[in-house]
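Everything below concerns the one structure shown next.
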Amino acid sequence: MPTTTSTLSVSDGTELFLRRWEPDGPAVGSVQVAHGMGEHSARYGRLADALVAAGWVVVVPDQRGHGLTALGEDRSGPPDALGDLGPAGWDGLVHDVVALNDALGAEAPERPRVLLGHSMGSFVAQQFVLDHSAEIDGLVLSGTTAVDVAATVIDPDAGTDLTAMNAAFEPARTDFDWLSRDEEEVDLYVADPLCGFGLDAASTRTLVAAAPRLADPDALAAIRSDLPVYLVAGSADPLNLELAMVELVAQRYRDAGLVDVTTDFHEGARHEVFNETNRDEITAHLLEWLRRFTG
């Protein structure tokens with residue numbers, strides 16, 4: 001499907017680079033994708049095509065500290081801009097999701113809005129719904145974890161090293177075998193100069209500081225009880241410790257009173273489920289869940 005690009009200026013002056021896919025006919029709703037750490041919006045083209053074929057508008061920003069938001073459209077920015085969330089830190093990522101969600105609502109108030117967060121983007125989405133659950137119609141968390149638990153093993157004074165996730169797959173072909181069983185997908189990631197980095201130390205500290213609130217029962221209780229939540233994960237994703245951590249996230253939502261929490265787990269799949277060897281099956285499951293919003 002054709003892709004258009006644009007920018008969105010947010011309150012602190014950051015210019016978010018956006019990629020957008022949309023159907024030829026009337027749209028049934030919009031999906032904002034919050035991508036993972038050390039990647040960017042262009043990697044979501046195949047998923048976007050599947051969603052667009054079902055009638056959804058899909059918008060994916062390069063999050064602050066990532067992609068062309070960090071480097072500029074001409075890629076002239078300094079390399080160390082990648083992984084630097086800037087003065088706004090972690091909360092800046094959340095505010096950016098709010099700003100784009102508001103923009104999608106303003107352009108078509110009648111359309112359902114779904115937020116899909118992957119990995120780091122799912123952590124951002126977990127924080128977003130604590131305060132903004134009334135502003136979306138559905139939440140999808142891909143490759144997520146209990147962030148407060150994960151933060152206990154992160155050194156807040158060091159940058160985030162994504163290659164550390166590969167330990168369970170050693171001896172490994174690459175430093176990023178943990179992402180997918182599909183070697184071609186892993187090789188594309190490794191060869192991409194806009195992939196593979198973690199957050200710098202200052203940004204990592206803001207992530208660690210934000211983590212406890214994501215598990216706070218009082219904060220979770222503020223999420224509207226009828227928000228549909230869909231958690232999709234692979235059993236071999238090291239981020240979720242054989243699904244234990246994503247199951248914990250789901251249970252916390254249920255304990256907070258949410259009545260529509262769906263889990264979709266895939267045996268043997270690794271971190272990037274939409275780039276996995278069984279990605280067509282995984283995408284079909286997501287599309288089936290999304291039909292609830294379109295009748």
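Residues in the structure tokens are numbered from 1 in each chain, the chains being A, B, ... in the order shown, and ligands are numbered from 1 in the order shown.
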>> Among segment 8-233 of chain A, which ones does DSSP assign to strand (DSSP E) (computed from the backbone)? Answer as an MDAnalysis selection string.
In response: chainID A and resid 8:9 15:21 29:34 56:62 113:118 138:142 229:233
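Comparing A:Ala168, A:Val261, A:Val129, A:Ala211 by their smallest distance to Glu242 of chain A, the closest is A:Ala168 (using only C-alpha atoms).
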> Hey, can you check how far atom CA of Leu227 of chain A sits from atom CA of Gly295 of chain A?
Replying inline: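 Going from atom CA of Leu227 of chain A over to atom CA of Gly295 of chain A, I get 16.9 Å.
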> In terms of the shortest atom-to-atom distance over only C-alpha atoms, which of A:His266, A:His95, A:Arg205, A:His35 is closest to Ile154 of chain A?
Replying inline: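 When distances to Ile154 of chain A are compared using only C-alpha atoms, the smallest one comes from A:Arg205.
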Selection near Ala164 of chain A, 12 Å with only C-alpha atoms, sequence-local residues under 3 positions removed, as a PDB file with N, CA and C atoms, in the first residue's frame:
```
ATOM      1  N   VAL A 153      16.495  -5.220  37.040  1.00  0.00           N
ATOM      2  CA  VAL A 153      17.771  -5.755  36.567  1.00  0.00           C
ATOM      3  C   VAL A 153      18.472  -4.793  35.605  1.00  0.00           C
ATOM      4  N   ILE A 154      17.943  -3.583  35.494  1.00  0.00           N
ATOM      5  CA  ILE A 154      18.560  -2.560  34.647  1.00  0.00           C
ATOM      6  C   ILE A 154      19.402  -1.641  35.513  1.00  0.00           C
ATOM      7  N   GLY A 159      23.553   2.740  29.878  1.00  0.00           N
ATOM      8  CA  GLY A 159      22.629   2.674  28.757  1.00  0.00           C
ATOM      9  C   GLY A 159      22.031   1.280  28.638  1.00  0.00           C
ATOM     10  N   THR A 160      20.966   1.182  27.857  1.00  0.00           N
ATOM     11  CA  THR A 160      20.298  -0.097  27.645  1.00  0.00           C
ATOM     12  C   THR A 160      20.964  -0.848  26.496  1.00  0.00           C
ATOM     13  N   ASP A 161      21.376  -2.084  26.742  1.00  0.00           N
ATOM     14  CA  ASP A 161      22.059  -2.906  25.745  1.00  0.00           C
ATOM     15  C   ASP A 161      21.105  -3.981  25.241  1.00  0.00           C
ATOM     16  N   ALA A 167      21.239 -13.710  25.274  1.00  0.00           N
ATOM     17  CA  ALA A 167      21.943 -14.727  26.062  1.00  0.00           C
ATOM     18  C   ALA A 167      21.292 -16.101  25.964  1.00  0.00           C
ATOM     19  N   ALA A 168      19.984 -16.139  25.930  1.00  0.00           N
ATOM     20  CA  ALA A 168      19.279 -17.425  25.911  1.00  0.00           C
ATOM     21  C   ALA A 168      19.473 -18.174  24.605  1.00  0.00           C
ATOM     22  N   PHE A 169      20.008 -17.512  23.582  1.00  0.00           N
ATOM     23  CA  PHE A 169      20.136 -18.126  22.259  1.00  0.00           C
ATOM     24  C   PHE A 169      21.590 -18.387  21.875  1.00  0.00           C
ATOM     25  N   GLU A 170      22.503 -18.179  22.821  1.00  0.00           N
ATOM     26  CA  GLU A 170      23.918 -18.447  22.545  1.00  0.00           C
ATOM     27  C   GLU A 170      24.198 -19.959  22.601  1.00  0.00           C
ATOM     28  N   THR A 174      23.730 -14.305  15.239  1.00  0.00           N
ATOM     29  CA  THR A 174      23.905 -12.855  15.319  1.00  0.00           C
ATOM     30  C   THR A 174      23.636 -12.416  16.755  1.00  0.00           C
ATOM     31  N   ASP A 175      23.838 -11.149  17.025  1.00  0.00           N
ATOM     32  CA  ASP A 175      23.525 -10.601  18.350  1.00  0.00           C
ATOM     33  C   ASP A 175      22.033 -10.375  18.554  1.00  0.00           C
ATOM     34  N   PHE A 176      21.240 -10.612  17.505  1.00  0.00           N
ATOM     35  CA  PHE A 176      19.818 -10.293  17.589  1.00  0.00           C
ATOM     36  C   PHE A 176      18.929 -11.478  17.203  1.00  0.00           C
ATOM     37  N   ASP A 177      19.444 -12.693  17.387  1.00  0.00           N
ATOM     38  CA  ASP A 177      18.616 -13.872  17.121  1.00  0.00           C
ATOM     39  C   ASP A 177      17.357 -13.897  17.982  1.00  0.00           C
ATOM     40  N   TRP A 178      17.381 -13.202  19.111  1.00  0.00           N
ATOM     41  CA  TRP A 178      16.232 -13.183  20.023  1.00  0.00           C
ATOM     42  C   TRP A 178      15.000 -12.513  19.426  1.00  0.00           C
ATOM     43  N   LEU A 179      15.184 -11.781  18.333  1.00  0.00           N
ATOM     44  CA  LEU A 179      14.061 -11.057  17.752  1.00  0.00           C
ATOM     45  C   LEU A 179      13.086 -11.962  17.015  1.00  0.00           C
ATOM     46  N   GLY A 196      19.101  -1.379  16.335  1.00  0.00           N
ATOM     47  CA  GLY A 196      20.086  -2.081  17.135  1.00  0.00           C
ATOM     48  C   GLY A 196      20.625  -1.356  18.347  1.00  0.00           C
ATOM     49  N   PHE A 197      20.269  -0.099  18.539  1.00  0.00           N
ATOM     50  CA  PHE A 197      20.787   0.674  19.666  1.00  0.00           C
ATOM     51  C   PHE A 197      19.808   0.644  20.835  1.00  0.00           C
ATOM     52  N   GLY A 198      20.330   0.913  22.031  1.00  0.00           N
ATOM     53  CA  GLY A 198      19.489   1.060  23.208  1.00  0.00           C
ATOM     54  C   GLY A 198      19.380   2.512  23.619  1.00  0.00           C
ATOM     55  N   PRO A 238      12.590 -13.563  25.292  1.00  0.00           N
ATOM     56  CA  PRO A 238      13.266 -13.471  26.593  1.00  0.00           C
ATOM     57  C   PRO A 238      12.756 -12.338  27.465  1.00  0.00           C
ATOM     58  N   LEU A 239      12.061 -11.383  26.870  1.00  0.00           N
ATOM     59  CA  LEU A 239      11.562 -10.259  27.655  1.00  0.00           C
ATOM     60  C   LEU A 239      10.453 -10.684  28.617  1.00  0.00           C
TER      61      LEU A 239
END
```
Do a neighbour search on Val149 of chain A at 12 Å with only C-alpha atoms, toss out local chain neighbours closer than 5 positions, and write the hits as a PDB file with N, CA and C atoms, in the first residue's frame.
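Written out: selection28.pdb:
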```pdb
ATOM      1  N   THR A 144       5.413  -7.461  25.255  1.00  0.00           N
ATOM      2  CA  THR A 144       5.457  -6.633  26.454  1.00  0.00           C
ATOM      3  C   THR A 144       5.980  -7.428  27.638  1.00  0.00           C
ATOM      4  N   ILE A 154      17.943  -3.583  35.494  1.00  0.00           N
ATOM      5  CA  ILE A 154      18.560  -2.560  34.647  1.00  0.00           C
ATOM      6  C   ILE A 154      19.402  -1.641  35.513  1.00  0.00           C
ATOM      7  N   VAL A 208      13.470   3.725  34.089  1.00  0.00           N
ATOM      8  CA  VAL A 208      13.469   3.019  35.369  1.00  0.00           C
ATOM      9  C   VAL A 208      12.621   3.771  36.394  1.00  0.00           C
ATOM     10  N   ALA A 211       8.855   3.115  35.862  1.00  0.00           N
ATOM     11  CA  ALA A 211       8.370   1.735  35.902  1.00  0.00           C
ATOM     12  C   ALA A 211       7.440   1.407  37.069  1.00  0.00           C
ATOM     13  N   PRO A 212       7.718   1.838  38.306  1.00  0.00           N
ATOM     14  CA  PRO A 212       6.856   1.403  39.412  1.00  0.00           C
ATOM     15  C   PRO A 212       5.386   1.774  39.251  1.00  0.00           C
ATOM     16  N   ARG A 213       5.110   2.913  38.652  1.00  0.00           N
ATOM     17  CA  ARG A 213       3.715   3.340  38.528  1.00  0.00           C
ATOM     18  C   ARG A 213       2.915   2.390  37.642  1.00  0.00           C
ATOM     19  N   LEU A 214       3.567   1.700  36.722  1.00  0.00           N
ATOM     20  CA  LEU A 214       2.850   0.804  35.828  1.00  0.00           C
ATOM     21  C   LEU A 214       2.291  -0.407  36.558  1.00  0.00           C
ATOM     22  N   ALA A 215       2.783  -0.659  37.777  1.00  0.00           N
ATOM     23  CA  ALA A 215       2.294  -1.767  38.588  1.00  0.00           C
ATOM     24  C   ALA A 215       1.499  -1.307  39.800  1.00  0.00           C
ATOM     25  N   LEU A 239      12.061 -11.383  26.870  1.00  0.00           N
ATOM     26  CA  LEU A 239      11.562 -10.259  27.655  1.00  0.00           C
ATOM     27  C   LEU A 239      10.453 -10.684  28.617  1.00  0.00           C
ATOM     28  N   ASN A 240       9.757 -11.766  28.289  1.00  0.00           N
ATOM     29  CA  ASN A 240       8.617 -12.130  29.141  1.00  0.00           C
ATOM     30  C   ASN A 240       8.852 -13.364  30.006  1.00  0.00           C
ATOM     31  N   LEU A 241      10.077 -13.897  30.010  1.00  0.00           N
ATOM     32  CA  LEU A 241      10.426 -15.029  30.889  1.00  0.00           C
ATOM     33  C   LEU A 241       9.437 -16.180  30.738  1.00  0.00           C
ATOM     34  N   ALA A 244       5.722 -15.621  31.656  1.00  0.00           N
ATOM     35  CA  ALA A 244       5.322 -15.290  33.022  1.00  0.00           C
ATOM     36  C   ALA A 244       5.069 -13.797  33.197  1.00  0.00           C
ATOM     37  N   MET A 245       5.897 -12.965  32.588  1.00  0.00           N
ATOM     38  CA  MET A 245       5.771 -11.529  32.801  1.00  0.00           C
ATOM     39  C   MET A 245       4.606 -10.923  32.021  1.00  0.00           C
ATOM     40  N   VAL A 246       4.299 -11.455  30.845  1.00  0.00           N
ATOM     41  CA  VAL A 246       3.145 -10.928  30.122  1.00  0.00           C
ATOM     42  C   VAL A 246       1.853 -11.430  30.768  1.00  0.00           C
ATOM     43  N   LEU A 248       1.558 -11.815  33.925  1.00  0.00           N
ATOM     44  CA  LEU A 248       1.430 -10.938  35.086  1.00  0.00           C
ATOM     45  C   LEU A 248       0.768  -9.620  34.698  1.00  0.00           C
ATOM     46  N   VAL A 249       1.166  -9.060  33.564  1.00  0.00           N
ATOM     47  CA  VAL A 249       0.539  -7.815  33.089  1.00  0.00           C
ATOM     48  C   VAL A 249      -0.962  -8.031  32.890  1.00  0.00           C
TER      49      VAL A 249
END
```
>> I'd like the contact shell of Leu115 of chain A - 9 Å cut-off, only C-alpha atoms, skipping same-chain residues fewer than 3 positions apart - returned as a ChimeraX atom specification.
In response: /A:30-34,97,101,125,136-141
Selected residues written out, C-alpha atoms, as a PDB file, in the first residue's frame:
```pdb
ATOM      1  CA  SER A  30      -7.197   4.252  12.981  1.00  0.00           C
ATOM      2  CA  VAL A  31      -4.298   2.363  14.543  1.00  0.00           C
ATOM      3  CA  GLN A  32      -1.382   4.239  16.070  1.00  0.00           C
ATOM      4  CA  VAL A  33       1.694   2.032  16.402  1.00  0.00           C
ATOM      5  CA  ALA A  34       4.292   2.817  19.077  1.00  0.00           C
ATOM      6  CA  VAL A  97       1.415   9.242  21.921  1.00  0.00           C
ATOM      7  CA  ASN A 101      -3.920  10.195  19.358  1.00  0.00           C
ATOM      8  CA  ALA A 125       1.214   2.322  26.019  1.00  0.00           C
ATOM      9  CA  ILE A 136      -8.912   5.129  22.824  1.00  0.00           C
ATOM     10  CA  ASP A 137     -11.210   2.266  21.907  1.00  0.00           C
ATOM     11  CA  GLY A 138      -8.727  -0.585  22.191  1.00  0.00           C
ATOM     12  CA  LEU A 139      -5.201  -1.400  23.338  1.00  0.00           C
ATOM     13  CA  VAL A 140      -2.800  -3.932  21.813  1.00  0.00           C
ATOM     14  CA  LEU A 141       0.422  -4.854  23.632  1.00  0.00           C
TER      15      LEU A 141
END
```
>> Just want the 12 Å neighbourhood of Trp56 of chain A, counted on only C-alpha atoms, with same-chain residues fewer than 5 positions away dropped. Output as a list in words.
In response: Met1, Arg20, Trp21, Glu22, Pro23, Asp24, Gly25, Pro26, Ala27, Val28, Gly29, Ser30, Val31, Gln32, Leu47, Ala48, Asp49, Ala50, Leu51, Arg111, Pro112, Arg113, Val114, Leu287, Leu290, Arg291, Phe293 and Thr294 of chain A
Enumerate, in order of chain and increasing residue number, the residues of segment 166-231 of chain A with an atom no farther than 12 Å from segment 57-81 of chain A, each with its shortest atom pair and distance in Å to one decimal, counting only C-alpha atoms, as a tab-separated table.
```
residue	atom	partner	partner_atom	distance
A:Asp192	CA	A:Gly67	CA	10.6
A:Pro193	CA	A:Gly67	CA	9.3
A:Leu194	CA	A:Gly67	CA	5.8
A:Cys195	CA	A:Gly67	CA	8.3
A:Gly196	CA	A:His66	CA	10.7
A:Phe197	CA	A:His66	CA	9.3
A:Gly198	CA	A:Gly65	CA	9.8
A:Leu199	CA	A:Gly65	CA	8.1
A:Asp200	CA	A:Asp80	CA	8.7
A:Ala201	CA	A:Asp80	CA	11.8
A:Ala202	CA	A:Gly65	CA	12.0
A:Ser203	CA	A:Gly65	CA	9.3
A:Thr204	CA	A:Gly65	CA	11.8
```
> Could you work out how far atom CA of Val232 of chain A lies from atom CA of Ala269 of chain A, giving the answer in Å with one decimal?
Replying inline: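 That distance, rounded to one decimal, is 10.5 Å.
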>> Based on the backbone DSSP call, show me all residues of segment 46-290 of chain A assigned alpha helix (DSSP H), as a ChimeraX atom specification.
In response: /A:46-53,67-71,89-107,120-132,147-151,183-191,201-210,217-220,244-255,279-290
Would you mind exporting the chosen residues as a compact mmCIF listing (two decimals), in the first residue's frame, restricted to C-alpha atoms?
```txt
# COMPACT_ATOMS: atom_id res chain seq x y z
CA ARG A 46 3.92 -5.31 6.13
CA LEU A 47 1.72 -5.14 9.23
CA ALA A 48 0.31 -1.81 8.05
CA ASP A 49 -0.57 -3.31 4.66
CA ALA A 50 -2.59 -6.06 6.35
CA LEU A 51 -4.42 -3.54 8.54
CA VAL A 52 -5.07 -1.21 5.62
CA ALA A 53 -6.51 -4.08 3.59
CA GLY A 67 14.71 7.09 13.29
CA LEU A 68 14.17 10.28 11.35
CA THR A 69 12.71 12.07 14.36
CA ALA A 70 16.18 11.81 15.92
CA LEU A 71 18.30 12.34 12.81
CA GLY A 89 12.82 11.75 28.82
CA TRP A 90 10.43 8.83 29.13
CA ASP A 91 7.39 11.01 29.80
CA GLY A 92 8.07 12.71 26.47
CA LEU A 93 7.38 9.42 24.68
CA VAL A 94 4.02 9.17 26.44
CA HIS A 95 3.11 12.77 25.67
CA ASP A 96 3.90 12.13 22.00
CA VAL A 97 1.41 9.24 21.92
CA VAL A 98 -1.20 11.53 23.47
CA ALA A 99 -0.52 14.23 20.87
CA LEU A 100 -0.83 11.85 17.92
CA ASN A 101 -3.92 10.19 19.36
CA ASP A 102 -5.49 13.63 19.76
CA ALA A 103 -4.64 14.46 16.15
CA LEU A 104 -6.21 11.23 14.89
CA GLY A 105 -9.33 11.96 16.92
CA ALA A 106 -9.57 15.50 15.60
CA GLU A 107 -9.39 14.43 11.96
CA MET A 120 9.29 -0.33 24.44
CA GLY A 121 6.21 1.05 22.71
CA SER A 122 4.09 -1.30 24.79
CA PHE A 123 5.68 0.12 27.95
CA VAL A 124 4.73 3.59 26.72
CA ALA A 125 1.21 2.32 26.02
CA GLN A 126 0.97 0.84 29.52
CA GLN A 127 1.66 4.30 30.94
CA PHE A 128 -0.65 6.04 28.46
CA VAL A 129 -3.71 4.04 29.54
CA LEU A 130 -3.25 4.91 33.20
CA ASP A 131 -4.39 8.45 32.39
CA HIS A 132 -5.96 8.30 28.93
CA VAL A 147 8.18 -3.21 33.34
CA ASP A 148 8.65 -2.79 37.08
CA VAL A 149 10.12 -6.29 37.32
CA ALA A 150 12.34 -5.81 34.27
CA ALA A 151 13.58 -2.49 35.67
CA GLU A 183 16.85 -15.32 9.74
CA GLU A 184 16.04 -12.98 6.86
CA GLU A 185 14.15 -10.65 9.19
CA VAL A 186 17.02 -10.69 11.69
CA ASP A 187 19.53 -9.92 8.93
CA LEU A 188 17.45 -6.97 7.73
CA TYR A 189 17.46 -5.60 11.26
CA VAL A 190 21.22 -6.08 11.69
CA ALA A 191 21.91 -4.34 8.37
CA ALA A 201 22.08 6.37 30.33
CA ALA A 202 20.06 9.52 31.01
CA SER A 203 17.06 8.18 29.10
CA THR A 204 17.35 4.78 30.76
CA ARG A 205 17.13 6.45 34.17
CA THR A 206 13.81 8.04 33.20
CA LEU A 207 12.46 4.65 32.09
CA VAL A 208 13.47 3.02 35.37
CA ALA A 209 11.92 5.89 37.33
CA ALA A 210 8.61 5.52 35.49
CA PRO A 217 -2.89 -0.89 41.87
CA ASP A 218 -4.32 2.58 42.45
CA ALA A 219 -3.03 3.80 39.09
CA LEU A 220 -4.28 0.67 37.31
CA ALA A 244 5.32 -15.29 33.02
CA MET A 245 5.77 -11.53 32.80
CA VAL A 246 3.15 -10.93 30.12
CA GLU A 247 0.71 -13.12 32.05
CA LEU A 248 1.43 -10.94 35.09
CA VAL A 249 0.54 -7.82 33.09
CA ALA A 250 -2.74 -9.40 31.97
CA GLN A 251 -3.59 -10.46 35.52
CA ARG A 252 -2.89 -7.00 36.88
CA TYR A 253 -5.41 -5.56 34.42
CA ARG A 254 -7.99 -8.15 35.43
CA ASP A 255 -7.34 -7.48 39.10
CA ARG A 279 3.46 -13.89 11.28
CA ASP A 280 0.51 -14.45 8.92
CA GLU A 281 -1.28 -16.46 11.62
CA ILE A 282 -0.45 -13.88 14.28
CA THR A 283 -1.63 -10.99 12.09
CA ALA A 284 -4.85 -12.86 11.27
CA HIS A 285 -5.55 -13.25 14.98
CA LEU A 286 -5.07 -9.51 15.48
CA LEU A 287 -7.38 -8.68 12.57
CA GLU A 288 -10.06 -10.95 14.01
CA TRP A 289 -9.83 -9.17 17.36
CA LEU A 290 -10.03 -5.77 15.63
```
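For the pair atom CA of Gly86 of chain A and atom CA of Gly13 of chain A, the interatomic distance is 11.4 Å.
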>> Here is a test: counting only C-alpha atoms, which residue of A:Ala88, A:His118, A:His40, A:Thr277 is nearest to Leu18 of chain A?
In response: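 Of the candidates, the smallest distance to Leu18 of chain A is held by A:His40.
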>> Let me make sure I understand: among A:Leu162, A:Ala134, A:Ala146, A:Leu243, which one has the smallest atom-to-atom distance to Ile223 of chain A if we use only C-alpha atoms?
In response: A:Ala134
